[in-house]
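Note sheet for the following structure.
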Amino acid sequence: MNKHSDPSLISLEQKPIRHLFRDYAVPAILATAASSLYNIIDRMIIGQGVGPLAISGLALTFPVMNLTVAFGTLIGSGSSAIASIRIGEHNINKAERVLGNSLILTIIISIVTSMLFLAFLDPILLFFKASPDTLPYARDFLKIILYGIPISNLFYGLNSMMRATGHPKKAMVSILLTVVLNLIFALLFIFGFHWGIRGAAWATVLAQAGGLVWVLAHFLNPKTEVRFSRESICVDWKITKEVFAIGLSPFLIHLCSCVVTILINMQLKKYGDMDYTTIMIDGKNVAGGDLAIGAFGIINSIVGFMVMVIFGLAHGLQPIAGYNYGAGRIDRVREVLGICIKWASIVSVVTFLLCMIFPETITGVFTNDPQTTQLTAHGLRIYVAMFMVTGFQIVVSVLFQAVNKAAVSILLSTTRQLLFLVPCLLLLPTFFHTDGVWLSQAVADLLAALVTGGTLVYHLRKGVLKG
């Protein structure tokens, strides 16, 4: 077992938790929020520069994008958690083997999933309820994005490893770099070159390629303690098994999100056509269901941004909890959990209040169409009715992932979406139509938080988190 001398790693065990959490959480929040922000910027530019139908087409791509990201997260999150624990055990060699293993696995899985989706793209989008008006937008965007999936998954996976191995500020810089590049490219390609929605896709891929160069340079630097070496870049099946066990939780979150988004789009198409009359937009008759799907695309962007802020807090918790769990400092694990829950709850409450008080103002930045704005603002209020408890649920799920308790993390990750949200989406719209779709999210949030609270109390009293 080799000891390390990197001050950034030693601080994980010795520095006061409140200062350590600040050092890790602030860069992680900035990074995750910025990552989500450039998705919002894309959708704002698409909505204002291409039109409401493009927003609806983009919403149809969410399930495919969630599923491709899921496979990248399976490797990236699992590898990061394992690496943090190995560093906490003062075993740098094993941490490097985890790093090299993650590189190979991410490349293989990303290429396979990308090719499969490209081969069946149109049938998949039609199954997701694409209409003749929205299919061209969805197809044009996804064709480019899917070719860039290996770049995207490598970038996010290695960026997570950078944070987990003691470099949160450099991980933040890499994300901020992609945001700046994406904004520049999107404005140039959409408004300068008039490439439409394809311009937004090219902007995303090229920005992530720039970020990937940054993180690769870090892990190839001989001065970096945990780095690529010739011996580490190989598939180790023992490590792969550990990575899959822990990465399965965030993978299932994205997989569930894919299933849920498909169901939401289907229900919105069905009941939106019932609730809203066909309207004229840009010289085209747009069905009410397409309009409702576009509203979901906007709501998903708004709420998704705040969820990513919460995940930033959770990402700040993960290396601290993982390292100290590996070092046997359960008291520090409990302390960082309490701090993280407090701040995540504050973010959740603030999000709830803003969406309740200023829904038209928030949704109006995505579209200048009054019908779309009105429908989206109404849906947003219902959608976030129980968002106050979302931060708590996310943080606790990530905690169990960080301390290598995969089964508990998987339970908490899937409960909200599969056990609660899917049944609500099937049942509530039969009574409340489109409003039932929005209401399903709020009901699932509340029920999942209750299950999460009970699970946490049990483990704090009797389980592995007992000090």
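Ordering of the structure tokens sets the chain letters (A, B, ...); residue numbers start at 1 within each chain; ligands are numbered from 1 in the order shown.
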message: Can you pull out every residue from segment 263-425 of chain A that DSSP, working from the backbone, puts in alpha helix (DSSP H), and format the result as a ChimeraX atom specification?
response: /A:263-275,288-326,330-357,359-364,370-383,390-402,406-414,422-425
task: Quick one: everything within 9 Å of Ala406 of chain A, counting only C-alpha atoms, minus sequence neighbours fewer than 5 positions away in the same chain. Send it as a VMD selection string.
output: chain A and resid 245 to 249 400 to 401 411
- prompt: Nearest to His167 of chain A among A:Phe120, A:Phe191, A:Tyr24, A:Phe420, with distances taken over only C-alpha atoms: which residue is it?
  reply: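 Of A:Phe120, A:Phe191, A:Tyr24, A:Phe420, the one nearest His167 of chain A, counting only C-alpha atoms, is A:Tyr24.
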field: Residues near Ser229 of chain A, cut-off 9 Å, only C-alpha atoms, skip fewer than 4 positions along chain, as a PyMOL selection string
entry: chain A and resi 96-97+100+220+233
Skipping near chain neighbours, those fewer than 4 positions away, what residues fall within 9 Å of Val215 of chain A using only C-alpha atoms, listed as a PDB file with N, CA and C atoms, in the first residue's frame?
ATOM      1  N   PHE A 155     -15.450  13.058 -21.890  1.00  0.00           N
ATOM      2  CA  PHE A 155     -15.245  14.339 -21.217  1.00  0.00           C
ATOM      3  C   PHE A 155     -15.862  14.332 -19.826  1.00  0.00           C
ATOM      4  N   LEU A 158     -14.116  11.643 -17.384  1.00  0.00           N
ATOM      5  CA  LEU A 158     -12.787  12.041 -16.914  1.00  0.00           C
ATOM      6  C   LEU A 158     -12.855  13.304 -16.054  1.00  0.00           C
ATOM      7  N   ASN A 159     -13.820  14.174 -16.332  1.00  0.00           N
ATOM      8  CA  ASN A 159     -13.984  15.355 -15.501  1.00  0.00           C
ATOM      9  C   ASN A 159     -14.406  14.962 -14.087  1.00  0.00           C
ATOM     10  N   MET A 162     -11.400  13.665 -12.352  1.00  0.00           N
ATOM     11  CA  MET A 162     -10.532  14.771 -11.951  1.00  0.00           C
ATOM     12  C   MET A 162     -10.964  15.328 -10.602  1.00  0.00           C
ATOM     13  N   LYS A 170      -9.904  22.436 -11.112  1.00  0.00           N
ATOM     14  CA  LYS A 170      -9.582  22.147 -12.509  1.00  0.00           C
ATOM     15  C   LYS A 170     -10.785  21.511 -13.213  1.00  0.00           C
ATOM     16  N   ALA A 171     -11.550  20.693 -12.475  1.00  0.00           N
ATOM     17  CA  ALA A 171     -12.764  20.109 -13.051  1.00  0.00           C
ATOM     18  C   ALA A 171     -13.773  21.198 -13.376  1.00  0.00           C
ATOM     19  N   SER A 174     -12.748  23.074 -16.602  1.00  0.00           N
ATOM     20  CA  SER A 174     -13.023  22.332 -17.831  1.00  0.00           C
ATOM     21  C   SER A 174     -14.481  22.496 -18.262  1.00  0.00           C
ATOM     22  N   GLY A 211     -13.247  20.690 -24.155  1.00  0.00           N
ATOM     23  CA  GLY A 211     -13.126  20.302 -22.758  1.00  0.00           C
ATOM     24  C   GLY A 211     -12.377  18.996 -22.585  1.00  0.00           C
ATOM     25  N   PHE A 219      -4.569  14.392 -17.116  1.00  0.00           N
ATOM     26  CA  PHE A 219      -4.248  13.010 -16.744  1.00  0.00           C
ATOM     27  C   PHE A 219      -3.021  12.460 -17.469  1.00  0.00           C
ATOM     28  N   LEU A 220      -2.523  13.185 -18.471  1.00  0.00           N
ATOM     29  CA  LEU A 220      -1.287  12.785 -19.144  1.00  0.00           C
ATOM     30  C   LEU A 220      -0.072  13.519 -18.589  1.00  0.00           C
TER      31      LEU A 220
END
task: Check the smallest atom-to-atom distance from each of A:Cys258, A:Ala209, A:Leu121, A:Leu105 to Met65 of chain A using only C-alpha atoms, then report the winner.
output: A:Cys258
field: Shortest interatomic distance to Val350 of chain A - which of A:Thr363, A:Thr390, A:Ser409, A:Ile330, counting only C-alpha atoms
entry: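 Selected residue with least distance to Val350 of chain A: A:Thr390.
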message: Residues of segment 263-348 of chain A classed as strand (DSSP E or B) by DSSP on the backbone are to be reported as a PyMOL selection string.
response: chain A and resi 279-281+284-286
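For the set A:Leu135, A:Leu216, A:Val384, A:Leu30, the residue with the smallest atom-to-atom gap to Asp445 of chain A is A:Val384, counting only C-alpha atoms.
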- request: Please identify all polymer residues within 10 Å of segment 262-278 of chain A, counting only C-alpha atoms, omitting same-chain residues fewer than 3 positions from it, and present them as an MDAnalysis selection string.
  value: chainID A and resid 56 59:64 125 127:131 256:259 281 284:297 371 375 422 425:426 429:430 432:438 440
Would you save the residues of that selection, restricted to C-alpha atoms, as a PDB file, in the first residue's frame?
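Ended up saving to part-v4.pdb:
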ATOM      1  CA  SER A  56     -40.713  20.496 -29.402  1.00  0.00           C
ATOM      2  CA  ALA A  59     -37.789  17.671 -26.325  1.00  0.00           C
ATOM      3  CA  LEU A  60     -38.258  14.465 -28.300  1.00  0.00           C
ATOM      4  CA  THR A  61     -34.494  13.875 -28.229  1.00  0.00           C
ATOM      5  CA  PHE A  62     -34.312  13.840 -24.406  1.00  0.00           C
ATOM      6  CA  PRO A  63     -34.909  10.072 -23.994  1.00  0.00           C
ATOM      7  CA  VAL A  64     -32.144   9.189 -26.452  1.00  0.00           C
ATOM      8  CA  LEU A 125     -38.256   9.057 -32.767  1.00  0.00           C
ATOM      9  CA  PHE A 127     -42.121   5.729 -31.240  1.00  0.00           C
ATOM     10  CA  PHE A 128     -41.436   8.775 -29.037  1.00  0.00           C
ATOM     11  CA  LYS A 129     -44.425  10.472 -30.730  1.00  0.00           C
ATOM     12  CA  ALA A 130     -42.561  12.665 -33.200  1.00  0.00           C
ATOM     13  CA  SER A 131     -44.965  14.241 -35.688  1.00  0.00           C
ATOM     14  CA  CYS A 256     -35.575   5.716 -15.541  1.00  0.00           C
ATOM     15  CA  SER A 257     -35.436   9.295 -16.752  1.00  0.00           C
ATOM     16  CA  CYS A 258     -35.454   7.975 -20.309  1.00  0.00           C
ATOM     17  CA  VAL A 259     -38.513   5.799 -19.657  1.00  0.00           C
ATOM     18  CA  ILE A 281     -47.120  29.144 -35.726  1.00  0.00           C
ATOM     19  CA  LYS A 284     -47.887  25.932 -39.848  1.00  0.00           C
ATOM     20  CA  ASN A 285     -50.820  24.385 -38.028  1.00  0.00           C
ATOM     21  CA  VAL A 286     -49.325  23.091 -34.771  1.00  0.00           C
ATOM     22  CA  ALA A 287     -51.245  20.443 -32.821  1.00  0.00           C
ATOM     23  CA  GLY A 288     -51.899  21.018 -29.129  1.00  0.00           C
ATOM     24  CA  GLY A 289     -49.923  17.891 -28.235  1.00  0.00           C
ATOM     25  CA  ASP A 290     -46.812  19.185 -30.008  1.00  0.00           C
ATOM     26  CA  LEU A 291     -47.218  22.464 -28.132  1.00  0.00           C
ATOM     27  CA  ALA A 292     -47.477  20.599 -24.799  1.00  0.00           C
ATOM     28  CA  ILE A 293     -44.321  18.593 -25.592  1.00  0.00           C
ATOM     29  CA  GLY A 294     -42.537  21.868 -26.285  1.00  0.00           C
ATOM     30  CA  ALA A 295     -43.719  23.176 -22.921  1.00  0.00           C
ATOM     31  CA  PHE A 296     -42.228  20.113 -21.262  1.00  0.00           C
ATOM     32  CA  GLY A 297     -38.944  20.793 -23.044  1.00  0.00           C
ATOM     33  CA  GLN A 371     -49.615  30.354 -26.187  1.00  0.00           C
ATOM     34  CA  LEU A 375     -49.092  26.760 -21.212  1.00  0.00           C
ATOM     35  CA  VAL A 422     -44.606   5.963 -13.738  1.00  0.00           C
ATOM     36  CA  LEU A 425     -48.206   9.277 -15.141  1.00  0.00           C
ATOM     37  CA  LEU A 426     -50.444   6.386 -16.136  1.00  0.00           C
ATOM     38  CA  PRO A 429     -53.838  12.138 -16.638  1.00  0.00           C
ATOM     39  CA  THR A 430     -56.985  10.002 -16.959  1.00  0.00           C
ATOM     40  CA  PHE A 432     -56.780  15.657 -14.973  1.00  0.00           C
ATOM     41  CA  HIS A 433     -55.522  15.327 -18.571  1.00  0.00           C
ATOM     42  CA  THR A 434     -52.453  17.511 -19.214  1.00  0.00           C
ATOM     43  CA  ASP A 435     -52.481  18.844 -15.656  1.00  0.00           C
ATOM     44  CA  GLY A 436     -52.243  15.239 -14.472  1.00  0.00           C
ATOM     45  CA  VAL A 437     -48.891  14.911 -16.250  1.00  0.00           C
ATOM     46  CA  TRP A 438     -47.493  17.920 -14.406  1.00  0.00           C
ATOM     47  CA  SER A 440     -47.421  13.362 -11.333  1.00  0.00           C
TER      48      SER A 440
END
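Distance check against Ile320 of chain A using only C-alpha atoms: of A:Val347, A:Leu146, A:Ala203, A:Leu20, the minimum falls on A:Leu20.
Closest to Pro168 of chain A among A:Arg18, A:Arg43, A:Lys238, A:His315 is A:His315, based on only C-alpha atoms.
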